[in-house]
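For reference, the structure discussed in these notes is given below.
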Amino acid sequence: MKSIAVFFILLITVDTAMAKLPEREIVLGTNVSSAYTAERNQLVRGGSIEHIECIFKDLRQPYQITSMPWLRARQEVRKGKLDGFFTAISIEEADDYASLSAPLVLENWYWFWRADMKAPDSWQDDYKLGAILGSQQAEWLQEADYSEPMTANNLPQMLKMLFSKRIDAILADKEHFEKAAAELGIDADTYQYRFFRYVPLGVYFGNAFLNEHPGFLPRFNQHIYACAPEGFQMSDYEREKVKALVMPLMQEWVVMPEVITAVMAQNEHKQAVTQQEILKKDVQWQSEFKAGNFSLSASLMGIPLSQHLRQLKTRSQGLITEIILMDARGTNVAISDMTSDYWQGDEAKYLLSFNKSPEMLFFEPVGYDESTRRFQVHVSLPIYAPNIETSIGVLTVGVDIEKALSLQQ
């Protein structure tokens, strides 16, 4: 299933192939520098820096990246002295003078606090919070209903404030926090953490620059996925937490008699169906879907098993976003929601799950639906029938990743 919520499948409304790139050097500001380390004046490579470099290389576009504080970068873009700044969350104030690209980086924001302190259900009530000066977290905390954070120039300084009990908790990207803690020799047993939210970050390009080069932003967005084809991967900690929530449900569902019966019946029926016929139906399914004609998918959604899958999804209370049941050739047997295609046999969710261990879940990269601003991950498990050595199909579920990581276990 080519997910409706796949990253960076963008609707381009201008002729990007004919759009002329700037002949001059594009200048971008960033604070991806010493905020996460005690070293000063250091432009830290990796993540968004390398992503930007890859995109401009593919575009064959000269560029320059300058390290500077967020406030200065935004002021320079507003004045037209910089072409853009990254990586940034969506900022209402910035929308007046700049436009945000598609997501470039996905940050995992966590709360961190001392191990000797009992964490509240929410950090909103009269707690002393910390965030890096000028960071996305500081920006967000100031706009949200939280107390104004105490700030420091970098995470090592912020960690020292935490362990000297000047602040109660830090809001930070998990990877950045752990690197800073390792730099200071802080043992992981001395602090606790809890997932807060995923945050998509992009590049704000100044409207003055975009007005001069109207086709640039769509072309830039098109190259984002090419420079990060692996998508946004979850950490081992996040995978284990999702697995603990989802595996019991999926293992229960794949052995339900109605599931086994339906998949085996379709497998028997498909023995007389050629691959060419399957692909022909898949093309028809996709064409109708794109045209807003859901007759094929609606007919499948109307069967009793699909209705039962919707009931299972509802019982999950928002944890499960969709359920797809496939046969041994990767075609839909039952679906809880509309899918954009009929045959999944050429996709990772089928190829990496079919005939694999029934104890192992396959995780796809995290996807982001810009229309709903919801993050989802597809998780797949092979289906086995009694006394049959090979798997008979695959069960795939969509998981609301933020809800899963926010649930206390």
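Chain identifiers are assigned as A, B, and so on, following the order in which chains appear in the structure tokens; residues are numbered from 1 within each chain, and ligands are numbered from 1 in order of appearance.
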Write out, as a tab-separated table, each residue of segment 90-157 of chain A that has an atom at most 7 Å from segment 196-200 of chain A, together with the closest pair of atoms and their distance in Å to one decimal, counting only C-alpha atoms, rows going by chain and rising number.
```
residue	atom	partner	partner_atom	distance
A:Pro103	CA	A:Pro200	CA	5.3
A:Val105	CA	A:Pro200	CA	5.9
A:Leu106	CA	A:Pro200	CA	4.6
A:Glu107	CA	A:Val199	CA	5.2
A:Asn108	CA	A:Tyr198	CA	4.9
A:Trp109	CA	A:Arg197	CA	5.4
A:Tyr110	CA	A:Phe196	CA	4.9
A:Trp111	CA	A:Phe196	CA	6.5
```
Within segment 150-390 of chain A, find each residue whose DSSP state, derived from the backbone, is strand (DSSP E or B), and express the selection as an MDAnalysis selection string.
chainID A and resid 150:152 169:173 191:206 232 320:326 331:335 343 362:363 366:369 374:383
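Using only C-alpha atoms for every distance, the candidate list A:Leu325, A:Phe354, A:Ala180, A:Ala228 yields A:Ala228 as the residue closest to Glu50 of chain A.
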Write out as a list in words each polymer residue whose atoms come within 9 Å of segment 241-257 of chain A, counting only C-alpha atoms; drop sequence neighbours fewer than 3 positions from it.
Asp236, Tyr237, Glu238, Ile260, Thr261, Ala262, Leu312, Leu319, Ile320, Pro358, Glu359, Met360, Leu361, Val379, Ser380, Leu381, Pro382, Ile383, Tyr384, Ala385, Val394, Leu395, Thr396, Val397, Val399, Ile401, Ala404, Leu405 and Gln409 of chain A
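Neighbours of Met150 of chain A closer than or equal to 8 Å, with only C-alpha atoms counted and sequence neighbours fewer than 3 positions away skipped, come out as A:Lys128, A:Leu129, A:Gly130, A:Ala131, A:Ile167.
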Where in segment 43-182 of chain A does DSSP assign helix (DSSP H, G or I), given as a PDB file with N, CA, C and O atoms, in the first residue's frame?
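Result written to part_24.pdb:
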```
ATOM      1  N   SER A  48      20.654  17.724   9.396  1.00  0.00           N
ATOM      2  CA  SER A  48      20.146  18.692   8.432  1.00  0.00           C
ATOM      3  C   SER A  48      21.248  19.321   7.588  1.00  0.00           C
ATOM      4  O   SER A  48      21.013  19.667   6.430  1.00  0.00           O
ATOM      5  N   ILE A  49      22.460  19.492   8.132  1.00  0.00           N
ATOM      6  CA  ILE A  49      23.545  20.087   7.360  1.00  0.00           C
ATOM      7  C   ILE A  49      23.847  19.230   6.127  1.00  0.00           C
ATOM      8  O   ILE A  49      23.886  19.724   4.994  1.00  0.00           O
ATOM      9  N   GLU A  50      24.043  17.936   6.345  1.00  0.00           N
ATOM     10  CA  GLU A  50      24.343  17.051   5.226  1.00  0.00           C
ATOM     11  C   GLU A  50      23.160  16.928   4.277  1.00  0.00           C
ATOM     12  O   GLU A  50      23.337  16.768   3.064  1.00  0.00           O
ATOM     13  N   HIS A  51      21.960  16.978   4.817  1.00  0.00           N
ATOM     14  CA  HIS A  51      20.763  16.913   3.984  1.00  0.00           C
ATOM     15  C   HIS A  51      20.698  18.122   3.047  1.00  0.00           C
ATOM     16  O   HIS A  51      20.447  17.989   1.845  1.00  0.00           O
ATOM     17  N   ILE A  52      20.943  19.307   3.592  1.00  0.00           N
ATOM     18  CA  ILE A  52      20.951  20.525   2.783  1.00  0.00           C
ATOM     19  C   ILE A  52      22.022  20.437   1.701  1.00  0.00           C
ATOM     20  O   ILE A  52      21.791  20.780   0.529  1.00  0.00           O
ATOM     21  N   GLU A  53      23.216  19.972   2.092  1.00  0.00           N
ATOM     22  CA  GLU A  53      24.311  19.864   1.129  1.00  0.00           C
ATOM     23  C   GLU A  53      23.946  18.923  -0.014  1.00  0.00           C
ATOM     24  O   GLU A  53      24.246  19.186  -1.180  1.00  0.00           O
ATOM     25  N   CYS A  54      23.287  17.803   0.323  1.00  0.00           N
ATOM     26  CA  CYS A  54      22.869  16.841  -0.697  1.00  0.00           C
ATOM     27  C   CYS A  54      21.857  17.451  -1.661  1.00  0.00           C
ATOM     28  O   CYS A  54      21.965  17.291  -2.878  1.00  0.00           O
ATOM     29  N   ILE A  55      20.890  18.173  -1.110  1.00  0.00           N
ATOM     30  CA  ILE A  55      19.849  18.783  -1.948  1.00  0.00           C
ATOM     31  C   ILE A  55      20.452  19.789  -2.925  1.00  0.00           C
ATOM     32  O   ILE A  55      20.177  19.769  -4.134  1.00  0.00           O
ATOM     33  N   PHE A  56      21.310  20.671  -2.416  1.00  0.00           N
ATOM     34  CA  PHE A  56      21.904  21.677  -3.291  1.00  0.00           C
ATOM     35  C   PHE A  56      22.869  21.053  -4.303  1.00  0.00           C
ATOM     36  O   PHE A  56      23.019  21.556  -5.418  1.00  0.00           O
ATOM     37  N   LYS A  57      23.509  19.956  -3.923  1.00  0.00           N
ATOM     38  CA  LYS A  57      24.367  19.252  -4.875  1.00  0.00           C
ATOM     39  C   LYS A  57      23.532  18.685  -6.010  1.00  0.00           C
ATOM     40  O   LYS A  57      23.898  18.787  -7.186  1.00  0.00           O
ATOM     41  N   ASP A  58      22.392  18.071  -5.666  1.00  0.00           N
ATOM     42  CA  ASP A  58      21.505  17.522  -6.695  1.00  0.00           C
ATOM     43  C   ASP A  58      20.958  18.624  -7.598  1.00  0.00           C
ATOM     44  O   ASP A  58      20.763  18.424  -8.801  1.00  0.00           O
ATOM     45  N   LEU A  59      20.691  19.787  -6.995  1.00  0.00           N
ATOM     46  CA  LEU A  59      20.185  20.924  -7.777  1.00  0.00           C
ATOM     47  C   LEU A  59      21.288  21.640  -8.545  1.00  0.00           C
ATOM     48  O   LEU A  59      20.992  22.511  -9.379  1.00  0.00           O
ATOM     49  N   TRP A  70      19.345  31.999  16.375  1.00  0.00           N
ATOM     50  CA  TRP A  70      18.058  31.977  15.675  1.00  0.00           C
ATOM     51  C   TRP A  70      17.492  33.376  15.444  1.00  0.00           C
ATOM     52  O   TRP A  70      17.047  33.701  14.346  1.00  0.00           O
ATOM     53  N   LEU A  71      17.467  34.190  16.495  1.00  0.00           N
ATOM     54  CA  LEU A  71      16.832  35.501  16.365  1.00  0.00           C
ATOM     55  C   LEU A  71      17.502  36.337  15.284  1.00  0.00           C
ATOM     56  O   LEU A  71      16.838  37.006  14.491  1.00  0.00           O
ATOM     57  N   ARG A  72      18.836  36.281  15.237  1.00  0.00           N
ATOM     58  CA  ARG A  72      19.550  37.031  14.208  1.00  0.00           C
ATOM     59  C   ARG A  72      19.234  36.481  12.823  1.00  0.00           C
ATOM     60  O   ARG A  72      19.017  37.246  11.878  1.00  0.00           O
ATOM     61  N   ALA A  73      19.197  35.161  12.693  1.00  0.00           N
ATOM     62  CA  ALA A  73      18.896  34.556  11.388  1.00  0.00           C
ATOM     63  C   ALA A  73      17.523  34.984  10.894  1.00  0.00           C
ATOM     64  O   ALA A  73      17.344  35.324   9.725  1.00  0.00           O
ATOM     65  N   ARG A  74      16.551  34.975  11.782  1.00  0.00           N
ATOM     66  CA  ARG A  74      15.198  35.369  11.392  1.00  0.00           C
ATOM     67  C   ARG A  74      15.142  36.839  11.014  1.00  0.00           C
ATOM     68  O   ARG A  74      14.470  37.230  10.041  1.00  0.00           O
ATOM     69  N   GLN A  75      15.849  37.678  11.754  1.00  0.00           N
ATOM     70  CA  GLN A  75      15.882  39.108  11.434  1.00  0.00           C
ATOM     71  C   GLN A  75      16.538  39.346  10.077  1.00  0.00           C
ATOM     72  O   GLN A  75      16.081  40.187   9.287  1.00  0.00           O
ATOM     73  N   GLU A  76      17.600  38.581   9.793  1.00  0.00           N
ATOM     74  CA  GLU A  76      18.300  38.740   8.516  1.00  0.00           C
ATOM     75  C   GLU A  76      17.414  38.305   7.346  1.00  0.00           C
ATOM     76  O   GLU A  76      17.459  38.900   6.272  1.00  0.00           O
ATOM     77  N   VAL A  77      16.619  37.252   7.543  1.00  0.00           N
ATOM     78  CA  VAL A  77      15.695  36.812   6.492  1.00  0.00           C
ATOM     79  C   VAL A  77      14.589  37.844   6.300  1.00  0.00           C
ATOM     80  O   VAL A  77      14.197  38.166   5.178  1.00  0.00           O
ATOM     81  N   ARG A  78      14.083  38.372   7.398  1.00  0.00           N
ATOM     82  CA  ARG A  78      13.034  39.398   7.320  1.00  0.00           C
ATOM     83  C   ARG A  78      13.519  40.615   6.525  1.00  0.00           C
ATOM     84  O   ARG A  78      12.789  41.189   5.725  1.00  0.00           O
ATOM     85  N   LYS A  79      14.780  40.989   6.736  1.00  0.00           N
ATOM     86  CA  LYS A  79      15.349  42.161   6.051  1.00  0.00           C
ATOM     87  C   LYS A  79      15.803  41.853   4.627  1.00  0.00           C
ATOM     88  O   LYS A  79      16.189  42.762   3.886  1.00  0.00           O
ATOM     89  N   ALA A  94       6.947  33.946  11.654  1.00  0.00           N
ATOM     90  CA  ALA A  94       7.791  33.848  10.467  1.00  0.00           C
ATOM     91  C   ALA A  94       6.980  33.725   9.186  1.00  0.00           C
ATOM     92  O   ALA A  94       7.475  34.044   8.099  1.00  0.00           O
ATOM     93  N   ASP A  95       5.748  33.254   9.301  1.00  0.00           N
ATOM     94  CA  ASP A  95       4.911  33.098   8.109  1.00  0.00           C
ATOM     95  C   ASP A  95       4.628  34.427   7.407  1.00  0.00           C
ATOM     96  O   ASP A  95       4.213  34.442   6.250  1.00  0.00           O
ATOM     97  N   ASP A  96       4.848  35.537   8.096  1.00  0.00           N
ATOM     98  CA  ASP A  96       4.605  36.851   7.495  1.00  0.00           C
ATOM     99  C   ASP A  96       5.673  37.235   6.479  1.00  0.00           C
ATOM    100  O   ASP A  96       5.418  38.063   5.593  1.00  0.00           O
ATOM    101  N   GLN A 136      14.400  25.713  19.198  1.00  0.00           N
ATOM    102  CA  GLN A 136      13.005  25.456  18.836  1.00  0.00           C
ATOM    103  C   GLN A 136      12.184  25.147  20.089  1.00  0.00           C
ATOM    104  O   GLN A 136      11.026  25.541  20.197  1.00  0.00           O
ATOM    105  N   GLN A 137      12.799  24.434  21.024  1.00  0.00           N
ATOM    106  CA  GLN A 137      12.084  24.097  22.253  1.00  0.00           C
ATOM    107  C   GLN A 137      11.758  25.355  23.061  1.00  0.00           C
ATOM    108  O   GLN A 137      10.648  25.483  23.598  1.00  0.00           O
ATOM    109  N   ALA A 138      12.717  26.272  23.167  1.00  0.00           N
ATOM    110  CA  ALA A 138      12.463  27.516  23.892  1.00  0.00           C
ATOM    111  C   ALA A 138      11.375  28.323  23.210  1.00  0.00           C
ATOM    112  O   ALA A 138      10.494  28.892  23.870  1.00  0.00           O
ATOM    113  N   GLU A 139      11.411  28.364  21.892  1.00  0.00           N
ATOM    114  CA  GLU A 139      10.388  29.073  21.110  1.00  0.00           C
ATOM    115  C   GLU A 139       9.020  28.472  21.388  1.00  0.00           C
ATOM    116  O   GLU A 139       8.039  29.183  21.637  1.00  0.00           O
ATOM    117  N   TRP A 140       8.950  27.135  21.358  1.00  0.00           N
ATOM    118  CA  TRP A 140       7.661  26.463  21.531  1.00  0.00           C
ATOM    119  C   TRP A 140       7.132  26.668  22.949  1.00  0.00           C
ATOM    120  O   TRP A 140       5.938  26.934  23.131  1.00  0.00           O
ATOM    121  N   LEU A 141       7.983  26.529  23.964  1.00  0.00           N
ATOM    122  CA  LEU A 141       7.542  26.675  25.349  1.00  0.00           C
ATOM    123  C   LEU A 141       6.998  28.074  25.625  1.00  0.00           C
ATOM    124  O   LEU A 141       6.036  28.243  26.380  1.00  0.00           O
ATOM    125  N   GLN A 142       7.602  29.069  25.002  1.00  0.00           N
ATOM    126  CA  GLN A 142       7.148  30.441  25.204  1.00  0.00           C
ATOM    127  C   GLN A 142       5.781  30.673  24.577  1.00  0.00           C
ATOM    128  O   GLN A 142       4.971  31.447  25.092  1.00  0.00           O
ATOM    129  N   GLU A 143       5.499  29.986  23.458  1.00  0.00           N
ATOM    130  CA  GLU A 143       4.212  30.160  22.782  1.00  0.00           C
ATOM    131  C   GLU A 143       3.126  29.278  23.388  1.00  0.00           C
ATOM    132  O   GLU A 143       1.944  29.610  23.299  1.00  0.00           O
ATOM    133  N   LEU A 155      23.617  22.552  25.599  1.00  0.00           N
ATOM    134  CA  LEU A 155      23.071  21.489  26.441  1.00  0.00           C
ATOM    135  C   LEU A 155      23.990  21.110  27.611  1.00  0.00           C
ATOM    136  O   LEU A 155      23.488  20.820  28.710  1.00  0.00           O
ATOM    137  N   PRO A 156      25.300  21.063  27.441  1.00  0.00           N
ATOM    138  CA  PRO A 156      26.131  20.784  28.618  1.00  0.00           C
ATOM    139  C   PRO A 156      25.890  21.778  29.749  1.00  0.00           C
ATOM    140  O   PRO A 156      25.811  21.386  30.919  1.00  0.00           O
ATOM    141  N   GLN A 157      25.739  23.069  29.437  1.00  0.00           N
ATOM    142  CA  GLN A 157      25.421  24.049  30.477  1.00  0.00           C
ATOM    143  C   GLN A 157      24.055  23.762  31.083  1.00  0.00           C
ATOM    144  O   GLN A 157      23.857  23.873  32.301  1.00  0.00           O
ATOM    145  N   MET A 158      23.110  23.381  30.233  1.00  0.00           N
ATOM    146  CA  MET A 158      21.761  23.091  30.712  1.00  0.00           C
ATOM    147  C   MET A 158      21.762  21.864  31.634  1.00  0.00           C
ATOM    148  O   MET A 158      21.057  21.829  32.654  1.00  0.00           O
ATOM    149  N   LEU A 159      22.557  20.870  31.299  1.00  0.00           N
ATOM    150  CA  LEU A 159      22.649  19.683  32.149  1.00  0.00           C
ATOM    151  C   LEU A 159      23.223  20.025  33.522  1.00  0.00           C
ATOM    152  O   LEU A 159      22.775  19.487  34.554  1.00  0.00           O
ATOM    153  N   LYS A 160      24.196  20.892  33.562  1.00  0.00           N
ATOM    154  CA  LYS A 160      24.762  21.315  34.841  1.00  0.00           C
ATOM    155  C   LYS A 160      23.708  22.031  35.686  1.00  0.00           C
ATOM    156  O   LYS A 160      23.659  21.871  36.910  1.00  0.00           O
ATOM    157  N   MET A 161      22.827  22.802  35.040  1.00  0.00           N
ATOM    158  CA  MET A 161      21.738  23.468  35.749  1.00  0.00           C
ATOM    159  C   MET A 161      20.752  22.439  36.305  1.00  0.00           C
ATOM    160  O   MET A 161      20.223  22.589  37.404  1.00  0.00           O
ATOM    161  N   LEU A 162      20.522  21.378  35.539  1.00  0.00           N
ATOM    162  CA  LEU A 162      19.586  20.341  35.980  1.00  0.00           C
ATOM    163  C   LEU A 162      20.116  19.625  37.217  1.00  0.00           C
ATOM    164  O   LEU A 162      19.393  19.447  38.209  1.00  0.00           O
ATOM    165  N   PHE A 163      21.389  19.241  37.194  1.00  0.00           N
ATOM    166  CA  PHE A 163      21.932  18.459  38.302  1.00  0.00           C
ATOM    167  C   PHE A 163      22.340  19.311  39.498  1.00  0.00           C
ATOM    168  O   PHE A 163      22.584  18.771  40.576  1.00  0.00           O
ATOM    169  N   LYS A 174      16.208  13.939  21.941  1.00  0.00           N
ATOM    170  CA  LYS A 174      16.794  12.832  22.693  1.00  0.00           C
ATOM    171  C   LYS A 174      18.230  12.552  22.267  1.00  0.00           C
ATOM    172  O   LYS A 174      19.125  12.362  23.107  1.00  0.00           O
ATOM    173  N   GLU A 175      18.485  12.533  20.981  1.00  0.00           N
ATOM    174  CA  GLU A 175      19.833  12.250  20.500  1.00  0.00           C
ATOM    175  C   GLU A 175      20.815  13.318  20.953  1.00  0.00           C
ATOM    176  O   GLU A 175      21.924  13.021  21.392  1.00  0.00           O
ATOM    177  N   HIS A 176      20.398  14.589  20.869  1.00  0.00           N
ATOM    178  CA  HIS A 176      21.269  15.683  21.286  1.00  0.00           C
ATOM    179  C   HIS A 176      21.558  15.622  22.787  1.00  0.00           C
ATOM    180  O   HIS A 176      22.695  15.835  23.230  1.00  0.00           O
ATOM    181  N   PHE A 177      20.513  15.332  23.573  1.00  0.00           N
ATOM    182  CA  PHE A 177      20.689  15.253  25.026  1.00  0.00           C
ATOM    183  C   PHE A 177      21.683  14.155  25.395  1.00  0.00           C
ATOM    184  O   PHE A 177      22.574  14.363  26.234  1.00  0.00           O
ATOM    185  N   GLU A 178      21.526  12.987  24.795  1.00  0.00           N
ATOM    186  CA  GLU A 178      22.386  11.865  25.144  1.00  0.00           C
ATOM    187  C   GLU A 178      23.836  12.133  24.751  1.00  0.00           C
ATOM    188  O   GLU A 178      24.766  11.717  25.457  1.00  0.00           O
ATOM    189  N   LYS A 179      24.060  12.836  23.640  1.00  0.00           N
ATOM    190  CA  LYS A 179      25.428  13.188  23.248  1.00  0.00           C
ATOM    191  C   LYS A 179      26.042  14.150  24.259  1.00  0.00           C
ATOM    192  O   LYS A 179      27.212  14.019  24.629  1.00  0.00           O
ATOM    193  N   ALA A 180      25.241  15.127  24.703  1.00  0.00           N
ATOM    194  CA  ALA A 180      25.748  16.090  25.686  1.00  0.00           C
ATOM    195  C   ALA A 180      26.037  15.410  27.012  1.00  0.00           C
ATOM    196  O   ALA A 180      27.046  15.695  27.671  1.00  0.00           O
ATOM    197  N   ALA A 181      25.172  14.488  27.428  1.00  0.00           N
ATOM    198  CA  ALA A 181      25.391  13.762  28.687  1.00  0.00           C
ATOM    199  C   ALA A 181      26.658  12.924  28.611  1.00  0.00           C
ATOM    200  O   ALA A 181      27.444  12.862  29.563  1.00  0.00           O
ATOM    201  N   ALA A 182      26.875  12.280  27.465  1.00  0.00           N
ATOM    202  CA  ALA A 182      28.083  11.474  27.295  1.00  0.00           C
ATOM    203  C   ALA A 182      29.328  12.354  27.342  1.00  0.00           C
ATOM    204  O   ALA A 182      30.363  11.961  27.888  1.00  0.00           O
TER     205      ALA A 182
END
```
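Using only C-alpha atoms, the contacts of Tyr350 of chain A at a cut-off of 7 Å, with sequence neighbours closer than 5 positions omitted, comprise Gly330, Gln344, Gly345 and Val394 of chain A.
When only C-alpha atoms are used to measure the gap to Ser295 of chain A, the shortest distance among A:Leu82, A:Thr339, A:Pro365, A:Gln124 belongs to A:Thr339.
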Residue nearest His213 of chain A - candidates A:Ala291, A:Val27, A:Ile303, A:Leu21, atoms counted: only C-alpha atoms:
A:Leu21
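What separates atom CA of Ile278 of chain A from atom CA of Gly393 of chain A is a distance of 15.8 Å.
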Write out as a ChimeraX atom specification which residues come within 10 Å of Glu322 of chain A when counting only C-alpha atoms, dropping same-chain ones fewer than 6 positions away.
/A:309-310,312-314,335-339,376,378,396-400
With N, CA and C atoms retained, export the selected residues as a PDB file, in the first residue's frame.
```
ATOM      1  N   LEU A 309     -12.498  -5.400  11.065  1.00  0.00           N
ATOM      2  CA  LEU A 309     -11.216  -4.718  11.233  1.00  0.00           C
ATOM      3  C   LEU A 309     -11.430  -3.286  11.721  1.00  0.00           C
ATOM      4  N   ARG A 310     -12.476  -2.642  11.226  1.00  0.00           N
ATOM      5  CA  ARG A 310     -12.774  -1.275  11.690  1.00  0.00           C
ATOM      6  C   ARG A 310     -13.151  -1.275  13.169  1.00  0.00           C
ATOM      7  N   LEU A 312     -12.002  -3.401  15.380  1.00  0.00           N
ATOM      8  CA  LEU A 312     -10.747  -3.588  16.107  1.00  0.00           C
ATOM      9  C   LEU A 312      -9.979  -2.274  16.201  1.00  0.00           C
ATOM     10  N   LYS A 313      -9.975  -1.528  15.119  1.00  0.00           N
ATOM     11  CA  LYS A 313      -9.300  -0.232  15.114  1.00  0.00           C
ATOM     12  C   LYS A 313      -9.945   0.704  16.127  1.00  0.00           C
ATOM     13  N   THR A 314     -11.265   0.733  16.165  1.00  0.00           N
ATOM     14  CA  THR A 314     -11.990   1.604  17.092  1.00  0.00           C
ATOM     15  C   THR A 314     -11.682   1.243  18.541  1.00  0.00           C
ATOM     16  N   ILE A 335      -9.743  -4.510   4.423  1.00  0.00           N
ATOM     17  CA  ILE A 335      -9.119  -3.242   4.799  1.00  0.00           C
ATOM     18  C   ILE A 335     -10.069  -2.464   5.714  1.00  0.00           C
ATOM     19  N   SER A 336      -9.496  -1.797   6.697  1.00  0.00           N
ATOM     20  CA  SER A 336     -10.329  -0.995   7.592  1.00  0.00           C
ATOM     21  C   SER A 336     -10.622   0.377   7.001  1.00  0.00           C
ATOM     22  N   ASP A 337      -9.717   0.851   6.120  1.00  0.00           N
ATOM     23  CA  ASP A 337      -9.833   2.180   5.528  1.00  0.00           C
ATOM     24  C   ASP A 337      -9.456   2.122   4.052  1.00  0.00           C
ATOM     25  N   MET A 338      -9.807   3.179   3.320  1.00  0.00           N
ATOM     26  CA  MET A 338      -9.458   3.254   1.909  1.00  0.00           C
ATOM     27  C   MET A 338      -7.938   3.158   1.735  1.00  0.00           C
ATOM     28  N   THR A 339      -7.491   2.386   0.764  1.00  0.00           N
ATOM     29  CA  THR A 339      -6.071   2.335   0.419  1.00  0.00           C
ATOM     30  C   THR A 339      -5.910   2.834  -1.013  1.00  0.00           C
ATOM     31  N   GLN A 376       2.658   8.625  11.651  1.00  0.00           N
ATOM     32  CA  GLN A 376       2.192   7.251  11.613  1.00  0.00           C
ATOM     33  C   GLN A 376       3.346   6.334  11.212  1.00  0.00           C
ATOM     34  N   HIS A 378       3.894   2.223   9.872  1.00  0.00           N
ATOM     35  CA  HIS A 378       3.279   0.957   9.508  1.00  0.00           C
ATOM     36  C   HIS A 378       4.103  -0.195  10.071  1.00  0.00           C
ATOM     37  N   THR A 396      -0.802  -5.800   8.249  1.00  0.00           N
ATOM     38  CA  THR A 396      -0.139  -4.516   8.454  1.00  0.00           C
ATOM     39  C   THR A 396      -1.087  -3.582   9.195  1.00  0.00           C
ATOM     40  N   VAL A 397      -0.571  -2.912  10.200  1.00  0.00           N
ATOM     41  CA  VAL A 397      -1.374  -1.913  10.903  1.00  0.00           C
ATOM     42  C   VAL A 397      -0.634  -0.582  10.882  1.00  0.00           C
ATOM     43  N   GLY A 398      -1.393   0.501  10.821  1.00  0.00           N
ATOM     44  CA  GLY A 398      -0.833   1.829  11.002  1.00  0.00           C
ATOM     45  C   GLY A 398      -0.951   2.193  12.470  1.00  0.00           C
ATOM     46  N   VAL A 399       0.120   2.750  13.037  1.00  0.00           N
ATOM     47  CA  VAL A 399       0.151   3.104  14.456  1.00  0.00           C
ATOM     48  C   VAL A 399       0.365   4.599  14.595  1.00  0.00           C
ATOM     49  N   ASP A 400      -0.478   5.249  15.387  1.00  0.00           N
ATOM     50  CA  ASP A 400      -0.258   6.652  15.724  1.00  0.00           C
ATOM     51  C   ASP A 400       0.951   6.695  16.650  1.00  0.00           C
TER      52      ASP A 400
END
```
Atom pair atom CA of Thr390 of chain A / atom CA of Lys356 of chain A: separation (Å):
8.8 Å
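Rounded to one decimal, atom CA of Val263 of chain A and atom CA of Asp327 of chain A lie 5.4 Å from each other.
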From the list A:Leu104, A:Glu364, A:Ser357, A:Glu25, which residue is nearest Gln233 of chain A when using only C-alpha atoms?
A:Glu364
Please provide as JSON, numbers by chain all residues within 8 Å of Asn207 of chain A, with the sequence filter that same-chain residues fewer than 4 positions apart are discarded (counting only C-alpha atoms).
{"A": [97, 98, 99, 211]}
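For the choices A:Asn293, A:Gly29, A:Ile388, A:Gly318, the atom-to-atom distance to Lys403 of chain A is smallest for A:Gly318 when using only C-alpha atoms.
Considering the residues A:Gly134, A:Ala188, A:Thr151, A:Phe220 and counting only C-alpha atoms, Arg60 of chain A has its shortest atom-to-atom contact with A:Phe220.
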